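> As input, take work.pdb (PDB, C-alpha atoms, pLDDT in the B column):
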ATOM      1  CA  MET A   1     110.543  86.934 111.578  1.00 96.00           C
ATOM      2  CA  LYS A   2     110.146  88.908 114.798  1.00 98.00           C
ATOM      3  CA  LEU A   3     110.437  92.498 115.947  1.00 98.00           C
ATOM      4  CA  ILE A   4     112.077  92.515 119.377  1.00 98.00           C
ATOM      5  CA  SER A   5     112.997  95.270 121.821  1.00 98.00           C
ATOM      6  CA  ILE A   6     116.180  94.399 123.711  1.00 98.00           C
ATOM      7  CA  LEU A   7     117.356  96.366 126.731  1.00 97.00           C
ATOM      8  CA  ASN A   8     118.171  96.302 130.408  1.00 97.00           C
ATOM      9  CA  CYS A   9     116.633  98.233 133.262  1.00 97.00           C
ATOM     10  CA  ASP A  10     117.141  98.864 136.940  1.00 98.00           C
ATOM     11  CA  ASN A  11     114.559  98.028 139.591  1.00 96.00           C
ATOM     12  CA  LYS A  12     112.651 101.244 138.775  1.00 97.00           C
ATOM     13  CA  TYR A  13     112.609 100.463 135.024  1.00 97.00           C
ATOM     14  CA  GLY A  14     115.353 103.068 134.527  1.00 97.00           C
ATOM     15  CA  ILE A  15     117.317 102.589 131.312  1.00 96.00           C
ATOM     16  CA  GLY A  16     119.773 105.446 131.036  1.00 93.00           C
ATOM     17  CA  LYS A  17     121.268 108.736 132.079  1.00 90.00           C
ATOM     18  CA  ARG A  18     123.374 111.322 130.238  1.00 87.00           C
ATOM     19  CA  ASN A  19     122.832 109.382 126.991  1.00 81.00           C
ATOM     20  CA  GLY A  20     124.573 106.325 128.422  1.00 84.00           C
ATOM     21  CA  LEU A  21     123.970 103.037 130.144  1.00 86.00           C
ATOM     22  CA  LEU A  22     123.319 102.844 133.869  1.00 93.00           C
ATOM     23  CA  PHE A  23     125.575  99.848 134.465  1.00 92.00           C
ATOM     24  CA  ARG A  24     128.404  97.840 132.918  1.00 92.00           C
ATOM     25  CA  GLN A  25     127.066  94.289 132.965  1.00 96.00           C
ATOM     26  CA  PRO A  26     129.433  91.984 131.018  1.00 97.00           C
ATOM     27  CA  LYS A  27     127.001  89.025 130.930  1.00 98.00           C
ATOM     28  CA  ASP A  28     124.202  91.260 129.675  1.00 97.00           C
ATOM     29  CA  MET A  29     126.489  92.840 127.056  1.00 96.00           C
ATOM     30  CA  ALA A  30     127.533  89.354 125.884  1.00 98.00           C
ATOM     31  CA  PHE A  31     123.853  88.372 125.645  1.00 98.00           C
ATOM     32  CA  PHE A  32     123.124  91.522 123.615  1.00 98.00           C
ATOM     33  CA  ARG A  33     126.062  90.908 121.253  1.00 97.00           C
ATOM     34  CA  GLN A  34     125.246  87.231 120.754  1.00 98.00           C
ATOM     35  CA  THR A  35     121.513  87.851 120.296  1.00 98.00           C
ATOM     36  CA  THR A  36     121.731  90.778 117.843  1.00 98.00           C
ATOM     37  CA  SER A  37     124.875  89.835 115.881  1.00 98.00           C
ATOM     38  CA  GLY A  38     124.077  89.027 112.266  1.00 97.00           C
ATOM     39  CA  HIS A  39     120.660  90.709 112.487  1.00 98.00           C
ATOM     40  CA  THR A  40     119.168  94.165 111.967  1.00 98.00           C
ATOM     41  CA  VAL A  41     119.166  96.726 114.783  1.00 98.00           C
ATOM     42  CA  ALA A  42     117.036  99.867 114.741  1.00 98.00           C
ATOM     43  CA  MET A  43     117.667 102.934 116.877  1.00 98.00           C
ATOM     44  CA  GLY A  44     117.369 106.650 117.295  1.00 97.00           C
ATOM     45  CA  GLU A  45     120.221 109.001 116.484  1.00 96.00           C
ATOM     46  CA  ASN A  46     121.284 109.554 120.110  1.00 94.00           C
ATOM     47  CA  THR A  47     121.749 105.824 120.592  1.00 95.00           C
ATOM     48  CA  LEU A  48     124.143 105.720 117.636  1.00 96.00           C
ATOM     49  CA  LEU A  49     125.999 108.750 119.018  1.00 94.00           C
ATOM     50  CA  SER A  50     126.390 106.983 122.387  1.00 92.00           C
ATOM     51  CA  PHE A  51     128.434 104.154 120.811  1.00 93.00           C
ATOM     52  CA  PRO A  52     132.245 104.300 120.863  1.00 92.00           C
ATOM     53  CA  GLY A  53     133.289 106.711 118.128  1.00 93.00           C
ATOM     54  CA  SER A  54     129.587 107.113 117.211  1.00 93.00           C
ATOM     55  CA  LYS A  55     130.131 104.119 114.903  1.00 96.00           C
ATOM     56  CA  PRO A  56     127.423 101.593 113.988  1.00 97.00           C
ATOM     57  CA  LEU A  57     127.425  98.175 115.611  1.00 97.00           C
ATOM     58  CA  PRO A  58     129.535  95.731 113.601  1.00 97.00           C
ATOM     59  CA  LYS A  59     128.117  92.548 112.057  1.00 96.00           C
ATOM     60  CA  ARG A  60     124.610  94.050 111.982  1.00 97.00           C
ATOM     61  CA  VAL A  61     122.487  96.149 109.651  1.00 97.00           C
ATOM     62  CA  ASN A  62     121.953  99.444 111.528  1.00 98.00           C
ATOM     63  CA  ILE A  63     118.804 101.507 110.857  1.00 98.00           C
ATOM     64  CA  VAL A  64     119.069 104.990 112.379  1.00 98.00           C
ATOM     65  CA  LEU A  65     116.260 107.525 112.717  1.00 98.00           C
ATOM     66  CA  SER A  66     117.327 111.170 112.735  1.00 96.00           C
ATOM     67  CA  GLN A  67     114.708 113.880 112.474  1.00 92.00           C
ATOM     68  CA  ASP A  68     117.367 116.173 110.937  1.00 93.00           C
ATOM     69  CA  GLU A  69     117.638 115.459 107.211  1.00 94.00           C
ATOM     70  CA  ASN A  70     121.198 116.848 107.238  1.00 93.00           C
ATOM     71  CA  HIS A  71     122.321 114.104 109.634  1.00 94.00           C
ATOM     72  CA  ASN A  72     123.455 111.119 107.615  1.00 94.00           C
ATOM     73  CA  TYR A  73     125.883 108.627 109.097  1.00 95.00           C
ATOM     74  CA  GLN A  74     128.276 106.275 107.354  1.00 95.00           C
ATOM     75  CA  GLY A  75     127.639 102.562 107.552  1.00 96.00           C
ATOM     76  CA  VAL A  76     123.959 102.831 108.480  1.00 97.00           C
ATOM     77  CA  LEU A  77     120.596 103.025 106.772  1.00 97.00           C
ATOM     78  CA  ASN A  78     119.594 106.634 107.480  1.00 97.00           C
ATOM     79  CA  VAL A  79     115.894 107.494 107.786  1.00 97.00           C
ATOM     80  CA  HIS A  80     114.400 110.874 108.638  1.00 97.00           C
ATOM     81  CA  SER A  81     110.793 110.226 109.603  1.00 96.00           C
ATOM     82  CA  PHE A  82     109.058 107.776 111.895  1.00 96.00           C
ATOM     83  CA  GLU A  83     107.033 106.507 108.915  1.00 96.00           C
ATOM     84  CA  ASP A  84     110.241 105.717 106.979  1.00 96.00           C
ATOM     85  CA  PHE A  85     111.648 104.083 110.122  1.00 97.00           C
ATOM     86  CA  LEU A  86     108.609 101.767 110.290  1.00 97.00           C
ATOM     87  CA  THR A  87     108.858 101.049 106.549  1.00 97.00           C
ATOM     88  CA  GLN A  88     112.546 100.096 106.713  1.00 97.00           C
ATOM     89  CA  ILE A  89     111.923  97.906 109.749  1.00 98.00           C
ATOM     90  CA  ALA A  90     109.045  96.177 107.939  1.00 97.00           C
ATOM     91  CA  ILE A  91     111.281  95.537 104.902  1.00 97.00           C
ATOM     92  CA  ALA A  92     114.075  94.135 107.088  1.00 97.00           C
ATOM     93  CA  LYS A  93     111.617  92.029 109.099  1.00 97.00           C
ATOM     94  CA  GLU A  94     110.555  90.188 105.938  1.00 96.00           C
ATOM     95  CA  LYS A  95     113.984  88.496 105.914  1.00 96.00           C
ATOM     96  CA  ASP A  96     115.349  88.803 109.428  1.00 95.00           C
ATOM     97  CA  ASP A  97     114.652  89.417 113.089  1.00 97.00           C
ATOM     98  CA  VAL A  98     114.872  93.136 113.868  1.00 98.00           C
ATOM     99  CA  PHE A  99     115.955  94.418 117.272  1.00 98.00           C
ATOM    100  CA  ILE A 100     114.917  97.792 118.673  1.00 98.00           C
ATOM    101  CA  ILE A 101     117.889  99.025 120.709  1.00 98.00           C
ATOM    102  CA  GLY A 102     116.935 102.515 121.906  1.00 95.00           C
ATOM    103  CA  GLY A 103     116.671 105.127 123.045  1.00 94.00           C
ATOM    104  CA  ALA A 104     113.774 105.700 125.396  1.00 95.00           C
ATOM    105  CA  SER A 105     111.466 107.465 122.930  1.00 95.00           C
ATOM    106  CA  ILE A 106     112.089 104.792 120.276  1.00 97.00           C
ATOM    107  CA  TYR A 107     111.332 102.025 122.790  1.00 98.00           C
ATOM    108  CA  LYS A 108     108.112 103.812 123.763  1.00 97.00           C
ATOM    109  CA  GLN A 109     106.966 104.451 120.181  1.00 97.00           C
ATOM    110  CA  MET A 110     107.818 100.917 119.044  1.00 98.00           C
ATOM    111  CA  LEU A 111     106.350  99.030 122.019  1.00 98.00           C
ATOM    112  CA  PRO A 112     102.920  98.481 120.400  1.00 97.00           C
ATOM    113  CA  TYR A 113     104.618  96.948 117.323  1.00 98.00           C
ATOM    114  CA  VAL A 114     107.103  94.560 118.913  1.00 98.00           C
ATOM    115  CA  ASP A 115     106.440  90.840 119.115  1.00 98.00           C
ATOM    116  CA  GLU A 116     108.694  90.394 122.141  1.00 98.00           C
ATOM    117  CA  VAL A 117     110.766  92.296 124.668  1.00 98.00           C
ATOM    118  CA  TYR A 118     114.074  90.879 125.903  1.00 98.00           C
ATOM    119  CA  LEU A 119     114.498  92.708 129.200  1.00 98.00           C
ATOM    120  CA  THR A 120     117.443  92.163 131.514  1.00 98.00           C
ATOM    121  CA  LYS A 121     116.366  93.243 134.978  1.00 98.00           C
ATOM    122  CA  ILE A 122     119.163  94.540 137.206  1.00 98.00           C
ATOM    123  CA  ASP A 123     118.422  94.493 140.932  1.00 97.00           C
ATOM    124  CA  ALA A 124     119.818  97.954 141.669  1.00 97.00           C
ATOM    125  CA  ASP A 125     118.914 101.632 141.373  1.00 96.00           C
ATOM    126  CA  GLY A 126     121.004 103.279 138.667  1.00 95.00           C
ATOM    127  CA  GLY A 127     119.772 106.823 139.252  1.00 95.00           C
ATOM    128  CA  ALA A 128     118.159 106.886 135.817  1.00 96.00           C
ATOM    129  CA  GLU A 129     116.979 109.963 133.944  1.00 95.00           C
ATOM    130  CA  VAL A 130     115.024 107.996 131.330  1.00 95.00           C
ATOM    131  CA  PHE A 131     112.759 105.029 131.874  1.00 96.00           C
ATOM    132  CA  PHE A 132     111.115 102.103 130.143  1.00 97.00           C
ATOM    133  CA  VAL A 133     107.465 101.373 130.850  1.00 97.00           C
ATOM    134  CA  ASN A 134     106.676  99.058 133.740  1.00 97.00           C
ATOM    135  CA  ILE A 135     106.049  96.195 131.355  1.00 98.00           C
ATOM    136  CA  ASP A 136     104.736  94.002 134.157  1.00 97.00           C
ATOM    137  CA  GLU A 137     101.706  96.325 134.262  1.00 97.00           C
ATOM    138  CA  GLU A 138     101.152  96.457 130.480  1.00 97.00           C
ATOM    139  CA  PRO A 139      97.989  94.455 129.680  1.00 97.00           C
ATOM    140  CA  ASP A 140      99.166  93.399 126.192  1.00 97.00           C
ATOM    141  CA  PHE A 141     102.383  91.854 127.502  1.00 98.00           C
ATOM    142  CA  GLU A 142     102.973  88.620 129.360  1.00 98.00           C
ATOM    143  CA  LEU A 143     106.152  87.285 130.920  1.00 98.00           C
ATOM    144  CA  VAL A 144     106.951  84.032 129.112  1.00 98.00           C
ATOM    145  CA  SER A 145     110.384  83.232 130.547  1.00 98.00           C
ATOM    146  CA  GLU A 146     112.686  84.420 133.294  1.00 98.00           C
ATOM    147  CA  THR A 147     116.055  83.075 134.382  1.00 98.00           C
ATOM    148  CA  GLU A 148     117.107  82.572 137.965  1.00 98.00           C
ATOM    149  CA  PRO A 149     118.983  85.590 139.352  1.00 98.00           C
ATOM    150  CA  GLU A 150     122.719  85.529 138.673  1.00 97.00           C
ATOM    151  CA  GLU A 151     125.578  87.788 139.682  1.00 98.00           C
ATOM    152  CA  ASP A 152     127.001  90.105 137.009  1.00 97.00           C
ATOM    153  CA  ASN A 153     129.683  92.636 137.944  1.00 96.00           C
ATOM    154  CA  GLY A 154     128.375  93.077 141.495  1.00 96.00           C
ATOM    155  CA  ASN A 155     124.664  93.156 140.632  1.00 97.00           C
ATOM    156  CA  MET A 156     122.050  90.432 140.487  1.00 98.00           C
ATOM    157  CA  ILE A 157     120.416  90.185 137.055  1.00 98.00           C
ATOM    158  CA  ARG A 158     117.592  88.186 135.472  1.00 98.00           C
ATOM    159  CA  PHE A 159     116.990  87.696 131.755  1.00 98.00           C
ATOM    160  CA  CYS A 160     113.260  88.058 131.009  1.00 98.00           C
ATOM    161  CA  VAL A 161     111.245  87.589 127.835  1.00 98.00           C
ATOM    162  CA  TYR A 162     107.843  89.218 127.400  1.00 98.00           C
ATOM    163  CA  ARG A 163     105.426  88.435 124.572  1.00 98.00           C
ATOM    164  CA  ASN A 164     103.074  90.989 123.052  1.00 98.00           C
ATOM    165  CA  LYS A 165      99.659  89.325 122.886  1.00 98.00           C
ATOM    166  CA  ASN A 166      98.381  91.897 120.392  1.00 97.00           C
ATOM    167  CA  PRO A 167     101.202  93.437 118.295  1.00 97.00           C
ATOM    168  CA  LYS A 168     100.229  96.254 115.983  1.00 96.00           C
ATOM    169  CA  LYS A 169     101.120  95.679 112.330  1.00 94.00           C
ATOM    170  CA  LEU A 170     103.946  97.880 111.024  1.00 92.00           C
ATOM    171  CA  GLY A 171     101.798  99.086 108.136  1.00 74.00           C
ATOM    172  CA  ASP A 172      98.917 100.265 110.348  1.00 64.00           C
TER     173      ASP A 172
END
What would the structure in this file look like if it were written as structure tokens?

Amino acid sequence: MKLISILNCDNKYGIGKRNGLLFRQPKDMAFFRQTTSGHTVAMGENTLLSFPGSKPLPKRVNIVLSQDENHNYQGVLNVHSFEDFLTQIAIAKEKDDVFIIGGASIYKQMLPYVDEVYLTKIDADGGAEVFFVNIDEEPDFELVSETEPEEDNGNMIRFCVYRNKNPKKLGD
């Protein structure tokens, strides 16, 4: 089973502002839903709170990291330390693909551990406040597939897959 970060970014690797998405891209959202449905998703607390009604994503196991032990959400697996987050992901990964779905600090902390990154590149500047790494400059990652650009809600997008040539083990 794989550990995969899944996200989109603008042409400056921006991924969000005001705890929300930069763009509404229906094709990208459909890809996200189809790809993660039936699997485990792992996220930070603010990502959960950014969902409609702050409710977990349906048809998925949701692992949520909150540093505040008093914050426990219904319908999710609550964890309160990064070590517990890694442990729960490792347990889930024994049976299933696990998708890292945000936010920025979770993507950054988990990048060394992921096997792949599914990155939808949007050819626009979304005025981001938070950013993903420029993965094209990361020596441990290689681009293994990229679609031709296609129009999605007024923007050109490309679906890219990067492989981590040297993923760190979750227990390390």
> Tell me which of A:Ser50, A:Thr36, A:Asn134, A:Ser5 sits closest to Arg18 (chain A), counting all atoms listed in the file.
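Among the listed residues, the smallest separation from Arg18 (chain A) belongs to A:Ser50.
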> Around (121.5, 102.1, 117.0) in the file's own coordinates, what residues are found within 12 Å if you use all atoms listed in the file, given back as a ChimeraX atom specification?
/A:5-6,36,40-52,54-58,60-66,73,75-78,98-104,106-107
> Please provide as a ChimeraX atom specification all residues within 7 Å of Leu22 (chain A), with the sequence filter that same-chain residues fewer than 6 positions apart are discarded (counting all atoms listed in the file).
/A:15-16,126,128
> For region 5-16 of chain A, I'd like the enclosing box, axis-aligned and padded by 5 Å on every side, reported as AutoDock Vina command-line options with centre and edge lengths in Å to one decimal.

--center_x 116.2 --center_y 99.9 --center_z 130.7 --size_x 17.2 --size_y 21.0 --size_z 27.8
> Rounded to one decimal, what separation in Å do you get between CA of Asp28 (chain A) and CA of Gln109 (chain A)?
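Separation between CA of Asp28 (chain A) and CA of Gln109 (chain A): 23.7 Å.
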> Expand the PyMOL selection byres ((chain A and resi 146-156) around 10) into the explicit residue set it covers here, and present it as an MDAnalysis selection string.
chainID A and resid 23:28 118:124 143:145 157:162
> Quick one: distance from CA of Gly38 (chain A) to CA of Gln88 (chain A) in Å, one decimal?
16.9 Å
> Have a look at A:Phe131, A:Asn164, A:Asp140, A:His71 and name the one nearest to Leu7 (chain A); count all atoms listed in the file.
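Selected residue with least distance to Leu7 (chain A): A:Phe131.
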